[in-house]
Every structure is written in C-alpha cells, then in structure tokens.
Amino acid sequence: MALELGLEKRQFGHRARLALSPAEIRLIDDQAHAARTMWNCLHAWWTMQPKAKRTLAAADAAIRQARKEIDFLAVLPAQAAQAVLKTYVQAWKNCWEGRAEEPNFKARFRSVMSVDIPQGRDLQITRVHRRWGMVNIPKVGRVRFRWTRDLPVGKKANADNRITGARLVKDALGWHIAFRITTLEAKPEPHQGPEAGIDAGVNIPLALSDDNHQDHGRAARLPDGTSDRDRWLGADEKAKLLRLERQAARLKQHRKPGQRSSNRLRAVYDQIGKLRAKAKRRATDWQHQTTTYLARTYSVLVVEHLDIPNMTKSARGTIEEPGKNVKQKAGLNRSISQEAWGRTVTMLTYKTARYGGTLHKVPAPGTSQRCSACGFTTPGSRESQAVFVCKNPDCGWSGNADHNAARNILHLYRMGLALVPAAGRAVVRRPRGVKPAAAR
C-alpha cells in the first residue's frame, strides 16, 4: 500500500564512533582477527576442493567444524562467521560477472579489520541522552557510541523503517560501527534543472560544461613542494607530519631486518595514521558536499566511462623494454588516486536518483583532443594539461582543456551516445545453465 502512494524503500548507512574500554578493544580485535583468519581458511578450502564439491552447504559445514575444533575461531560469533561465508561467495559472484577480480588471501597488516553483525535485532539500541547511545555487540556486551543522527529505534522502528544490521570497522581513530538502515521515503519528483557534462581532472577536480567548475578551495590548493596527500592538512599539521615522518625514519634505522618494530616506532606510526585519516575524512567530506550540490542543481549529469585501473598502471616497463618518464607517470597516478574519481561517480549515482535526476556515462576516447566549438580533432590543439587551442584554421577556439572536454562529454550525450546501462557499473549477464569461464 505504501509503495502505491508514491513511497519507496531506500537503504543507506550511518557510521558512528564507539567509546570502548581497553578490554572491549581487545575482544573486538580478537573477533576481527578471527574473521580474517576465517576468510583465509575458507579461501584455502575453496581453492583446494574439486569443482563439484565447492558448494555453499559444504563450505558452511566446514566453517561449523572449524569453529568447534579451533578455539581461536570460536571467538567469532556464529552469525559473523556466516557473514564471512556470504561475503566470500558474493566476491566470487562479482568475479564471475566481471565486476571485480578474484578474491584472495587477506594480509594481517594491509586488510581493514571488520566484524559483521548481520541481524539488527541483536543490536538492541537505546539512546542514553543527547550525545550518546548504547548498542549490544555479541560476545562483547553493551558499549557506548556517539549519537549524531536520529536512528529508527524504539517507537520509531517498524517494518518499513528499521536497522537491519551493522558492521564494526577499525581505522586510525579506533573502532566505529556502521549501521545498515532501511527507510520508506517519498519518491522524488523529476528534476527540472539544467544539464551538465563533467570532466574529472587533476588541475580542476570537476570541470563542468557550463563553466561552474568545482575545485578544492583555497585551503586545499597545492603550494610548491607539497604532495597531493598533504593538500587537506593545515600548516601546523603538515609540520607535525613532517616531524613524525623524520622521527619514524630515525627509529627505523636502528631496527634490524626481520626484527619487530619497537613500541615507540609503532606509536609514531599511529600518530601518522591519525593525520592521514584526518586528511582522508576532509577529502571525503568535500566529495559529499560537492556531489550533493551537483545532484540538487542539475537534472542530468554526464560523465566519462573511465577505466581507472588501466589509467593508473605503472610505466616502469621491463628490463628488456624499460619505460619512459616513470617518475612523472608515478606522480600522475598518485594524483588520480587522490582524486578518487570512482568514488565521486558512485556518490553521484545514488544522489542524482535521490533528487530526481539521472546520471549517464559516455565513451571517453577523444573528448580531450576534440574541439568543442568546431567538432574537429586537430593534432597539437592540446598545448598543455590546462590549455586547449584549436589548430583548425577555420576555428581557433581557445580555453581551458578540462572545460573543453566537459562540453564534448555533454555533446556526446545529446547526440545519443550514452552507454547502456547509463549509471552504475555494467553487469555482464550470461544465459541460465551456462557456467562462467572464470568459475573455480
């Protein structure tokens, strides 16, 4: 009935910081290490089994037996262990359908520590007062979390508005809880705003076809001698980061190869990680604010269909055929990775749908070399990274190169050259009963 009245269900997440004691931190750390070990054991079991025996039921039986025989794995709650299996199977499905690479082993120091709580009824969330709430974590107990937005709990919770689960995630600031929320909202009216093409670049992060470019602002612009990863830190924070990095380099000199890091060196690394995490949060906040502004302003947004992993490949080459301009290409790769174009497109995908707009993708080849005024591609028109001067004798248009590319992107959409499906990542379908070539 609710869906017939112009309402639709929407799923989103909300992340809050946990206030844990040292004992509670150790318990959750043990669960996270057990979840990572469970993934690695499951991956080893899956790859060693014959194809005929790689079934969900057999994997579930192996997990149950492992939790009975290995005390370390028993630390992980049963529901969290089932969530590891579900995530692992989904990783293989993403690989078979061409959306991701094959799943692999998770390293101890390079993997994000996380524990899943798949059922919302296990959380038992209550609000203590204006700033804090309480949540139940299996095998840990009641813990406090920072209350920063209204959650559908208590009398506000029903079949259409509720918390369906959560995930515990650890970063440089400690443990956080990410709630999965399902809510019922009114369907947005069709957006009546203008259309715009967007070119993602390095000099101008988001160049728009109507010259309404979105950059990082004066505080985040790069002065001479500053790396891309430090653009979101203030002068005092940059000085502190430089001092910590020099201190870590001095402490590292006294460590022999294979020797464990000292407590002092690990403490310095923790401080560096906190500064890096602060810079990342500021960059993500800029992306959220910018994409929300664009989704509210424009009815149609058009972006390029970019193969970012291929764009950020190293130019080092091989011993027989060494690459050229390796350092320059490495710097460009870092700049592209810092801009996080894929995350920007992901945000635009769901935000345009939320505000009644649409997002489309067009083919990327030629948008930077073609003149948006005359439509011809003349060699030498792209004079530099930021300057475009059309060499066509009958044209001679000049302007910013990213602005020119954004105009070409919008023109491709208006010519009917948008890719299908327009928004999101394309899914490769296969006929029923036909196993994929990459099946293991």
# chains A, B, ... in the order shown; residues from 1 in each chain; ligands from 1
call {"tool": "residues_around", "arguments": {"residues": "range 61-66 of chain A", "least_positions_apart": "2", "cutoff": "10 Å", "atoms": "only C-alpha atoms", "output": "MDAnalysis selection string"}}
result
chainID A and resid 38:39 41:42 45 56:59 68:74 78 81:82 84:85
call {"tool": "write_last_selection", "arguments": {"atoms": "N, CA, C and O atoms", "output": "PDB file, in the first residue's frame"}}
result
ATOM      1  N   MET A  38      39.238 -16.672   9.295  1.00  0.00           N
ATOM      2  CA  MET A  38      38.157 -17.471   8.720  1.00  0.00           C
ATOM      3  C   MET A  38      38.087 -17.296   7.210  1.00  0.00           C
ATOM      4  O   MET A  38      37.903 -18.256   6.455  1.00  0.00           O
ATOM      5  N   TRP A  39      38.257 -16.066   6.753  1.00  0.00           N
ATOM      6  CA  TRP A  39      38.274 -15.806   5.311  1.00  0.00           C
ATOM      7  C   TRP A  39      39.424 -16.552   4.640  1.00  0.00           C
ATOM      8  O   TRP A  39      39.246 -17.187   3.595  1.00  0.00           O
ATOM      9  N   CYS A  41      41.109 -19.211   5.690  1.00  0.00           N
ATOM     10  CA  CYS A  41      40.876 -20.659   5.728  1.00  0.00           C
ATOM     11  C   CYS A  41      39.815 -21.071   4.711  1.00  0.00           C
ATOM     12  O   CYS A  41      39.944 -22.111   4.036  1.00  0.00           O
ATOM     13  N   LEU A  42      38.777 -20.259   4.592  1.00  0.00           N
ATOM     14  CA  LEU A  42      37.732 -20.563   3.619  1.00  0.00           C
ATOM     15  C   LEU A  42      38.266 -20.477   2.192  1.00  0.00           C
ATOM     16  O   LEU A  42      37.922 -21.306   1.331  1.00  0.00           O
ATOM     17  N   TRP A  45      40.357 -23.574   1.565  1.00  0.00           N
ATOM     18  CA  TRP A  45      39.481 -24.737   1.376  1.00  0.00           C
ATOM     19  C   TRP A  45      38.815 -24.701   0.011  1.00  0.00           C
ATOM     20  O   TRP A  45      38.723 -25.707  -0.680  1.00  0.00           O
ATOM     21  N   LEU A  56      27.783 -24.195  -1.290  1.00  0.00           N
ATOM     22  CA  LEU A  56      27.537 -23.382  -0.110  1.00  0.00           C
ATOM     23  C   LEU A  56      27.317 -24.244   1.123  1.00  0.00           C
ATOM     24  O   LEU A  56      27.784 -23.915   2.216  1.00  0.00           O
ATOM     25  N   ALA A  57      26.636 -25.375   0.959  1.00  0.00           N
ATOM     26  CA  ALA A  57      26.381 -26.257   2.095  1.00  0.00           C
ATOM     27  C   ALA A  57      27.679 -26.871   2.612  1.00  0.00           C
ATOM     28  O   ALA A  57      27.896 -26.976   3.832  1.00  0.00           O
ATOM     29  N   ALA A  58      28.573 -27.276   1.700  1.00  0.00           N
ATOM     30  CA  ALA A  58      29.842 -27.863   2.128  1.00  0.00           C
ATOM     31  C   ALA A  58      30.712 -26.822   2.824  1.00  0.00           C
ATOM     32  O   ALA A  58      31.379 -27.126   3.828  1.00  0.00           O
ATOM     33  N   ALA A  59      30.724 -25.592   2.327  1.00  0.00           N
ATOM     34  CA  ALA A  59      31.503 -24.540   2.979  1.00  0.00           C
ATOM     35  C   ALA A  59      30.945 -24.214   4.358  1.00  0.00           C
ATOM     36  O   ALA A  59      31.692 -23.986   5.315  1.00  0.00           O
ATOM     37  N   LYS A  68      34.275 -25.474  15.968  1.00  0.00           N
ATOM     38  CA  LYS A  68      34.255 -26.437  17.074  1.00  0.00           C
ATOM     39  C   LYS A  68      35.660 -26.894  17.457  1.00  0.00           C
ATOM     40  O   LYS A  68      35.949 -27.135  18.630  1.00  0.00           O
ATOM     41  N   GLU A  69      36.540 -27.026  16.476  1.00  0.00           N
ATOM     42  CA  GLU A  69      37.850 -27.613  16.726  1.00  0.00           C
ATOM     43  C   GLU A  69      38.914 -26.568  17.056  1.00  0.00           C
ATOM     44  O   GLU A  69      39.909 -26.906  17.707  1.00  0.00           O
ATOM     45  N   ILE A  70      38.760 -25.342  16.597  1.00  0.00           N
ATOM     46  CA  ILE A  70      39.771 -24.301  16.799  1.00  0.00           C
ATOM     47  C   ILE A  70      39.197 -23.253  17.744  1.00  0.00           C
ATOM     48  O   ILE A  70      38.215 -22.575  17.420  1.00  0.00           O
ATOM     49  N   ASP A  71      39.791 -23.139  18.920  1.00  0.00           N
ATOM     50  CA  ASP A  71      39.283 -22.200  19.919  1.00  0.00           C
ATOM     51  C   ASP A  71      39.385 -20.759  19.445  1.00  0.00           C
ATOM     52  O   ASP A  71      38.535 -19.924  19.780  1.00  0.00           O
ATOM     53  N   PHE A  72      40.423 -20.453  18.693  1.00  0.00           N
ATOM     54  CA  PHE A  72      40.611 -19.079  18.240  1.00  0.00           C
ATOM     55  C   PHE A  72      39.474 -18.630  17.333  1.00  0.00           C
ATOM     56  O   PHE A  72      38.996 -17.494  17.416  1.00  0.00           O
ATOM     57  N   LEU A  73      38.987 -19.530  16.464  1.00  0.00           N
ATOM     58  CA  LEU A  73      37.889 -19.180  15.581  1.00  0.00           C
ATOM     59  C   LEU A  73      36.559 -19.125  16.319  1.00  0.00           C
ATOM     60  O   LEU A  73      35.623 -18.452  15.862  1.00  0.00           O
ATOM     61  N   ALA A  74      36.464 -19.810  17.450  1.00  0.00           N
ATOM     62  CA  ALA A  74      35.223 -19.782  18.222  1.00  0.00           C
ATOM     63  C   ALA A  74      34.971 -18.421  18.864  1.00  0.00           C
ATOM     64  O   ALA A  74      33.852 -18.158  19.322  1.00  0.00           O
ATOM     65  N   ALA A  78      28.713 -16.836  15.782  1.00  0.00           N
ATOM     66  CA  ALA A  78      28.267 -17.704  14.690  1.00  0.00           C
ATOM     67  C   ALA A  78      27.679 -16.895  13.537  1.00  0.00           C
ATOM     68  O   ALA A  78      27.928 -17.197  12.360  1.00  0.00           O
ATOM     69  N   ALA A  81      30.433 -15.361  11.520  1.00  0.00           N
ATOM     70  CA  ALA A  81      31.089 -16.363  10.676  1.00  0.00           C
ATOM     71  C   ALA A  81      30.268 -16.647   9.423  1.00  0.00           C
ATOM     72  O   ALA A  81      30.823 -16.798   8.322  1.00  0.00           O
ATOM     73  N   GLN A  82      28.937 -16.706   9.570  1.00  0.00           N
ATOM     74  CA  GLN A  82      28.087 -16.887   8.396  1.00  0.00           C
ATOM     75  C   GLN A  82      28.185 -15.691   7.455  1.00  0.00           C
ATOM     76  O   GLN A  82      28.113 -15.841   6.229  1.00  0.00           O
ATOM     77  N   VAL A  84      30.885 -13.917   6.957  1.00  0.00           N
ATOM     78  CA  VAL A  84      32.141 -14.088   6.213  1.00  0.00           C
ATOM     79  C   VAL A  84      31.921 -14.985   5.009  1.00  0.00           C
ATOM     80  O   VAL A  84      32.386 -14.698   3.893  1.00  0.00           O
ATOM     81  N   LEU A  85      31.190 -16.090   5.213  1.00  0.00           N
ATOM     82  CA  LEU A  85      30.900 -17.008   4.110  1.00  0.00           C
ATOM     83  C   LEU A  85      30.062 -16.321   3.040  1.00  0.00           C
ATOM     84  O   LEU A  85      30.327 -16.457   1.837  1.00  0.00           O
TER      85      LEU A  85
END
call {"tool": "select_by_dssp", "arguments": {"residues": "range 237-412 of chain A", "states": "helix (DSSP H, G or I)", "output": "VMD selection string"}}
result
chain A and resid 237 to 253 263 to 297 308 to 311 326 to 339 341 to 354 401 to 412
call {"tool": "atom_distance", "arguments": {"atom1": "CA of Lys351 in chain A", "atom2": "CA of Arg130 in chain A"}}
result
28.8 Å
call {"tool": "residues_around", "arguments": {"residues": "Pro188 in chain A", "least_positions_apart": "2", "cutoff": "7 Å", "atoms": "only C-alpha atoms", "output": "ChimeraX atom specification"}}
result
/A:186,190,354-356
call {"tool": "closest_residue", "arguments": {"among": "A:Gln124, A:Ala295, A:Ala91, A:Leu173", "to": "Ala16 in chain A", "atoms": "only C-alpha atoms"}}
result
A:Leu173
call {"tool": "residues_around", "arguments": {"residues": "Ser299 in chain A", "least_positions_apart": "2", "cutoff": "7 Å", "atoms": "only C-alpha atoms", "output": "MDAnalysis selection string"}}
result
chainID A and resid 191:195 297 301 357:358
call {"tool": "residues_around", "arguments": {"residues": "Ala166 in chain A", "least_positions_apart": "2", "cutoff": "10 Å", "atoms": "only C-alpha atoms", "output": "tab-separated table (two decimals) with all heavy atoms, in the first residue's frame"}}
result
chain	number	residue	atom	x	y	z
A	13	GLY	N	23.56	3.88	4.96
A	13	GLY	CA	24.37	3.56	6.13
A	13	GLY	C	24.67	4.79	6.96
A	13	GLY	O	24.66	5.92	6.45
A	14	HIS	N	24.91	4.56	8.22
A	14	HIS	CA	25.30	5.64	9.14
A	14	HIS	C	26.42	5.11	10.03
A	14	HIS	O	26.32	4.04	10.61
A	14	HIS	CB	24.12	6.09	9.99
A	14	HIS	CG	24.52	7.01	11.11
A	14	HIS	ND1	25.11	8.24	10.86
A	14	HIS	CD2	24.45	6.88	12.45
A	14	HIS	CE1	25.37	8.83	12.01
A	14	HIS	NE2	24.99	8.04	13.00
A	15	ARG	N	27.49	5.89	10.11
A	15	ARG	CA	28.68	5.46	10.84
A	15	ARG	C	28.84	6.31	12.10
A	15	ARG	O	28.71	7.53	12.05
A	15	ARG	CB	29.91	5.61	9.95
A	15	ARG	CG	31.20	5.07	10.55
A	15	ARG	CD	32.23	4.93	9.47
A	15	ARG	NE	33.55	4.58	9.99
A	15	ARG	CZ	34.57	4.18	9.25
A	15	ARG	NH1	34.42	4.08	7.94
A	15	ARG	NH2	35.72	3.89	9.78
A	115	VAL	N	34.16	-6.62	11.58
A	115	VAL	CA	33.31	-7.71	12.07
A	115	VAL	C	31.88	-7.35	11.71
A	115	VAL	O	31.43	-6.22	11.94
A	115	VAL	CB	33.44	-7.91	13.59
A	115	VAL	CG1	32.57	-9.08	14.04
A	115	VAL	CG2	34.89	-8.16	13.98
A	116	ASP	N	31.16	-8.31	11.14
A	116	ASP	CA	29.79	-8.05	10.71
A	116	ASP	C	28.80	-8.53	11.76
A	116	ASP	O	29.00	-9.57	12.39
A	116	ASP	CB	29.52	-8.75	9.38
A	116	ASP	CG	28.31	-8.16	8.68
A	116	ASP	OD1	28.39	-6.99	8.27
A	116	ASP	OD2	27.29	-8.86	8.55
A	117	ILE	N	27.74	-7.73	11.95
A	117	ILE	CA	26.61	-8.11	12.80
A	117	ILE	C	25.39	-8.13	11.88
A	117	ILE	O	24.73	-7.11	11.65
A	117	ILE	CB	26.40	-7.11	13.96
A	117	ILE	CG1	27.71	-6.94	14.74
A	117	ILE	CG2	25.28	-7.58	14.88
A	117	ILE	CD1	27.62	-5.90	15.84
A	118	PRO	N	25.06	-9.28	11.29
A	118	PRO	CA	24.08	-9.30	10.20
A	118	PRO	C	22.64	-9.05	10.62
A	118	PRO	O	21.82	-8.65	9.79
A	118	PRO	CB	24.24	-10.70	9.60
A	118	PRO	CG	24.83	-11.52	10.68
A	118	PRO	CD	25.65	-10.60	11.52
A	119	GLN	N	22.28	-9.28	11.87
A	119	GLN	CA	20.88	-9.16	12.28
A	119	GLN	C	20.71	-7.93	13.18
A	119	GLN	O	21.39	-7.78	14.19
A	119	GLN	CB	20.43	-10.42	13.02
A	119	GLN	CG	20.44	-11.66	12.13
A	119	GLN	CD	19.91	-12.88	12.84
A	119	GLN	OE1	19.63	-12.84	14.03
A	119	GLN	NE2	19.77	-13.97	12.10
A	120	GLY	N	19.77	-7.09	12.81
A	120	GLY	CA	19.55	-5.86	13.56
A	120	GLY	C	18.97	-6.08	14.94
A	120	GLY	O	19.18	-5.26	15.85
A	122	ASP	N	19.86	-8.10	17.14
A	122	ASP	CA	20.91	-8.36	18.13
A	122	ASP	C	21.51	-7.07	18.69
A	122	ASP	O	22.21	-7.12	19.70
A	122	ASP	CB	22.02	-9.21	17.51
A	122	ASP	CG	21.52	-10.60	17.09
A	122	ASP	OD1	20.51	-11.05	17.68
A	122	ASP	OD2	22.13	-11.21	16.19
A	123	LEU	N	21.27	-5.94	18.04
A	123	LEU	CA	21.93	-4.70	18.46
A	123	LEU	C	21.30	-4.10	19.72
A	123	LEU	O	22.01	-3.57	20.57
A	123	LEU	CB	21.88	-3.68	17.31
A	123	LEU	CG	22.59	-4.10	16.02
A	123	LEU	CD1	22.33	-3.10	14.92
A	123	LEU	CD2	24.09	-4.24	16.27
A	137	ILE	N	26.91	-5.54	21.36
A	137	ILE	CA	27.81	-6.23	20.44
A	137	ILE	C	27.97	-7.67	20.92
A	137	ILE	O	28.34	-7.89	22.07
A	137	ILE	CB	29.18	-5.52	20.38
A	137	ILE	CG1	29.00	-4.09	19.85
A	137	ILE	CG2	30.15	-6.29	19.49
A	137	ILE	CD1	30.27	-3.31	19.78
A	163	ILE	N	16.61	-0.74	11.51
A	163	ILE	CA	18.03	-1.06	11.33
A	163	ILE	C	18.14	-2.55	11.06
A	163	ILE	O	17.72	-3.38	11.87
A	163	ILE	CB	18.84	-0.66	12.57
A	163	ILE	CG1	18.79	0.86	12.76
A	163	ILE	CG2	20.29	-1.11	12.44
A	163	ILE	CD1	19.51	1.34	14.00
A	164	THR	N	18.69	-2.91	9.92
A	164	THR	CA	18.75	-4.31	9.51
A	164	THR	C	20.05	-5.00	9.91
A	164	THR	O	20.13	-6.23	9.84
A	164	THR	CB	18.60	-4.41	7.98
A	164	THR	OG1	19.64	-3.64	7.34
A	164	THR	CG2	17.24	-3.85	7.55
A	168	LEU	N	31.25	-3.56	12.31
A	168	LEU	CA	32.29	-2.89	13.09
A	168	LEU	C	33.52	-2.73	12.21
A	168	LEU	O	34.01	-3.71	11.62
A	168	LEU	CB	32.62	-3.71	14.34
A	168	LEU	CG	31.45	-4.08	15.25
A	168	LEU	CD1	31.94	-4.94	16.41
A	168	LEU	CD2	30.75	-2.84	15.76
A	169	VAL	N	34.03	-1.51	12.11
A	169	VAL	CA	35.17	-1.21	11.24
A	169	VAL	C	36.19	-0.43	12.06
A	169	VAL	O	35.83	0.49	12.82
A	169	VAL	CB	34.74	-0.39	10.01
A	169	VAL	CG1	35.92	-0.14	9.10
A	169	VAL	CG2	33.62	-1.10	9.26
A	177	ILE	N	31.10	1.86	14.33
A	177	ILE	CA	30.00	0.98	13.97
A	177	ILE	C	29.22	1.62	12.84
A	177	ILE	O	28.87	2.80	12.89
A	177	ILE	CB	29.09	0.67	15.18
A	177	ILE	CG1	27.99	-0.32	14.78
A	177	ILE	CG2	28.51	1.94	15.80
A	177	ILE	CD1	27.24	-0.91	15.95
A	178	ALA	N	29.00	0.86	11.78
A	178	ALA	CA	28.27	1.34	10.60
A	178	ALA	C	26.92	0.63	10.55
A	178	ALA	O	26.87	-0.59	10.32
A	178	ALA	CB	29.06	1.08	9.32
A	179	PHE	N	25.85	1.36	10.80
A	179	PHE	CA	24.51	0.79	10.80
A	179	PHE	C	23.97	0.71	9.38
A	179	PHE	O	24.17	1.62	8.57
A	179	PHE	CB	23.56	1.64	11.65
A	179	PHE	CG	23.94	1.73	13.10
A	179	PHE	CD1	24.51	2.88	13.61
A	179	PHE	CD2	23.75	0.66	13.95
A	179	PHE	CE1	24.86	2.98	14.94
A	179	PHE	CE2	24.11	0.74	15.29
A	179	PHE	CZ	24.66	1.90	15.78
A	180	ARG	N	23.27	-0.37	9.07
A	180	ARG	CA	22.54	-0.52	7.81
A	180	ARG	C	21.06	-0.22	8.09
A	180	ARG	O	20.43	-0.92	8.87
A	180	ARG	CB	22.72	-1.92	7.23
A	180	ARG	CG	24.12	-2.23	6.78
A	180	ARG	CD	24.19	-3.55	6.06
A	180	ARG	NE	23.99	-4.66	6.97
A	180	ARG	CZ	24.96	-5.32	7.60
A	180	ARG	NH1	26.22	-4.94	7.42
A	180	ARG	NH2	24.69	-6.33	8.39
A	181	ILE	N	20.55	0.81	7.43
A	181	ILE	CA	19.21	1.32	7.74
A	181	ILE	C	18.34	1.21	6.49
A	181	ILE	O	18.78	1.55	5.38
A	181	ILE	CB	19.29	2.78	8.22
A	181	ILE	CG1	20.23	2.89	9.42
A	181	ILE	CG2	17.90	3.31	8.57
A	181	ILE	CD1	20.49	4.31	9.87
call {"tool": "closest_residue", "arguments": {"among": "A:Lys9, A:His216, A:Thr367, A:Phe145", "to": "Arg162 in chain A", "atoms": "only C-alpha atoms"}}
result
A:Lys9
call {"tool": "residues_around", "arguments": {"residues": "Cys371 in chain A", "least_positions_apart": "3", "cutoff": "10 Å", "atoms": "only C-alpha atoms", "output": "JSON, numbers by chain"}}
result
{"A": [366, 367, 368, 374, 375, 376, 377, 378, 381, 382, 388, 389, 390, 391, 392, 395, 396, 397, 398, 401, 404, 405, 407, 408]}
call {"tool": "closest_residue", "arguments": {"among": "A:Ile125, A:Met113, A:Ala267, A:Leu184", "to": "Arg167 in chain A", "atoms": "only C-alpha atoms"}}
result
A:Met113
call {"tool": "residues_around", "arguments": {"residues": "Lys106 in chain A", "least_positions_apart": "4", "cutoff": "7 Å", "atoms": "only C-alpha atoms", "output": "compact mmCIF listing (two decimals) with C-alpha atoms, in the first residue's frame"}}
result
# COMPACT_ATOMS: atom_id res chain seq x y z
CA ARG A 36 40.20 -12.51 8.70
CA ASN A 40 41.78 -17.14 4.61
CA SER A 111 43.50 -5.55 5.44
call {"tool": "select_by_dssp", "arguments": {"residues": "range 39-216 of chain A", "states": "strand (DSSP E)", "output": "PyMOL selection string"}}
result
chain A and resi 114-117+126-127+132-137+141-146+162-171+174-186+195-200+206-208
call {"tool": "decode", "arguments": {"residues": "range 337-346 of chain A", "atoms": "all heavy atoms", "output": "CSV table (one decimal), in the first residue's frame"}}
result
chain,number,residue,atom,x,y,z
A,337,SER,N,44.7,8.8,-8.1
A,337,SER,CA,44.2,8.0,-6.9
A,337,SER,C,43.7,9.0,-5.8
A,337,SER,O,42.8,8.6,-5.1
A,337,SER,CB,45.4,7.1,-6.4
A,337,SER,OG,45.8,6.2,-7.4
A,338,GLN,N,44.4,10.1,-5.6
A,338,GLN,CA,44.0,11.0,-4.5
A,338,GLN,C,42.6,11.6,-4.9
A,338,GLN,O,41.8,11.9,-4.0
A,338,GLN,CB,45.0,12.1,-4.4
A,338,GLN,CG,46.3,11.7,-3.7
A,338,GLN,CD,46.1,11.3,-2.2
A,338,GLN,OE1,45.3,11.9,-1.5
A,338,GLN,NE2,46.8,10.2,-1.8
A,339,GLU,N,42.3,11.9,-6.1
A,339,GLU,CA,41.1,12.5,-6.5
A,339,GLU,C,39.9,11.5,-6.3
A,339,GLU,O,38.8,11.9,-6.1
A,339,GLU,CB,41.1,13.0,-7.9
A,339,GLU,CG,42.1,14.1,-8.2
A,339,GLU,CD,41.7,15.4,-7.4
A,339,GLU,OE1,40.5,15.5,-7.0
A,339,GLU,OE2,42.6,16.2,-7.1
A,340,ALA,N,40.2,10.2,-6.4
A,340,ALA,CA,39.1,9.2,-6.2
A,340,ALA,C,37.9,9.4,-7.1
A,340,ALA,O,36.8,9.6,-6.6
A,340,ALA,CB,38.7,9.2,-4.7
A,341,TRP,N,38.2,9.4,-8.4
A,341,TRP,CA,37.1,9.6,-9.3
A,341,TRP,C,36.0,8.6,-9.2
A,341,TRP,O,34.8,8.9,-9.4
A,341,TRP,CB,37.7,9.6,-10.8
A,341,TRP,CG,38.6,10.8,-11.0
A,341,TRP,CD1,38.7,11.9,-10.3
A,341,TRP,CD2,39.6,10.8,-12.0
A,341,TRP,NE1,39.7,12.7,-10.8
A,341,TRP,CE2,40.3,12.1,-11.9
A,341,TRP,CE3,40.0,10.0,-13.1
A,341,TRP,CZ2,41.3,12.5,-12.7
A,341,TRP,CZ3,41.0,10.4,-13.9
A,341,TRP,CH2,41.7,11.6,-13.7
A,342,GLY,N,36.4,7.3,-9.0
A,342,GLY,CA,35.4,6.3,-8.9
A,342,GLY,C,34.4,6.5,-7.8
A,342,GLY,O,33.2,6.3,-7.9
A,343,ARG,N,34.9,7.0,-6.6
A,343,ARG,CA,34.0,7.3,-5.5
A,343,ARG,C,33.1,8.4,-5.8
A,343,ARG,O,31.9,8.5,-5.4
A,343,ARG,CB,34.9,7.5,-4.3
A,343,ARG,CG,34.1,7.7,-3.0
A,343,ARG,CD,35.0,7.6,-1.8
A,343,ARG,NE,36.0,8.7,-1.8
A,343,ARG,CZ,37.1,8.7,-1.1
A,343,ARG,NH1,37.4,7.6,-0.3
A,343,ARG,NH2,38.0,9.7,-1.2
A,344,THR,N,33.6,9.4,-6.5
A,344,THR,CA,32.8,10.6,-6.9
A,344,THR,C,31.6,10.1,-7.8
A,344,THR,O,30.5,10.6,-7.6
A,344,THR,CB,33.6,11.6,-7.6
A,344,THR,OG1,34.7,12.1,-6.8
A,344,THR,CG2,32.8,12.8,-8.0
A,345,VAL,N,31.9,9.3,-8.8
A,345,VAL,CA,30.8,8.8,-9.6
A,345,VAL,C,29.8,7.9,-8.8
A,345,VAL,O,28.6,8.0,-9.1
A,345,VAL,CB,31.4,8.0,-10.8
A,345,VAL,CG1,30.3,7.3,-11.6
A,345,VAL,CG2,32.3,8.9,-11.7
A,346,THR,N,30.3,7.1,-7.9
A,346,THR,CA,29.4,6.4,-7.1
A,346,THR,C,28.4,7.3,-6.3
A,346,THR,O,27.2,7.0,-6.2
A,346,THR,CB,30.2,5.5,-6.1
A,346,THR,OG1,31.0,4.6,-6.9
A,346,THR,CG2,29.3,4.6,-5.3
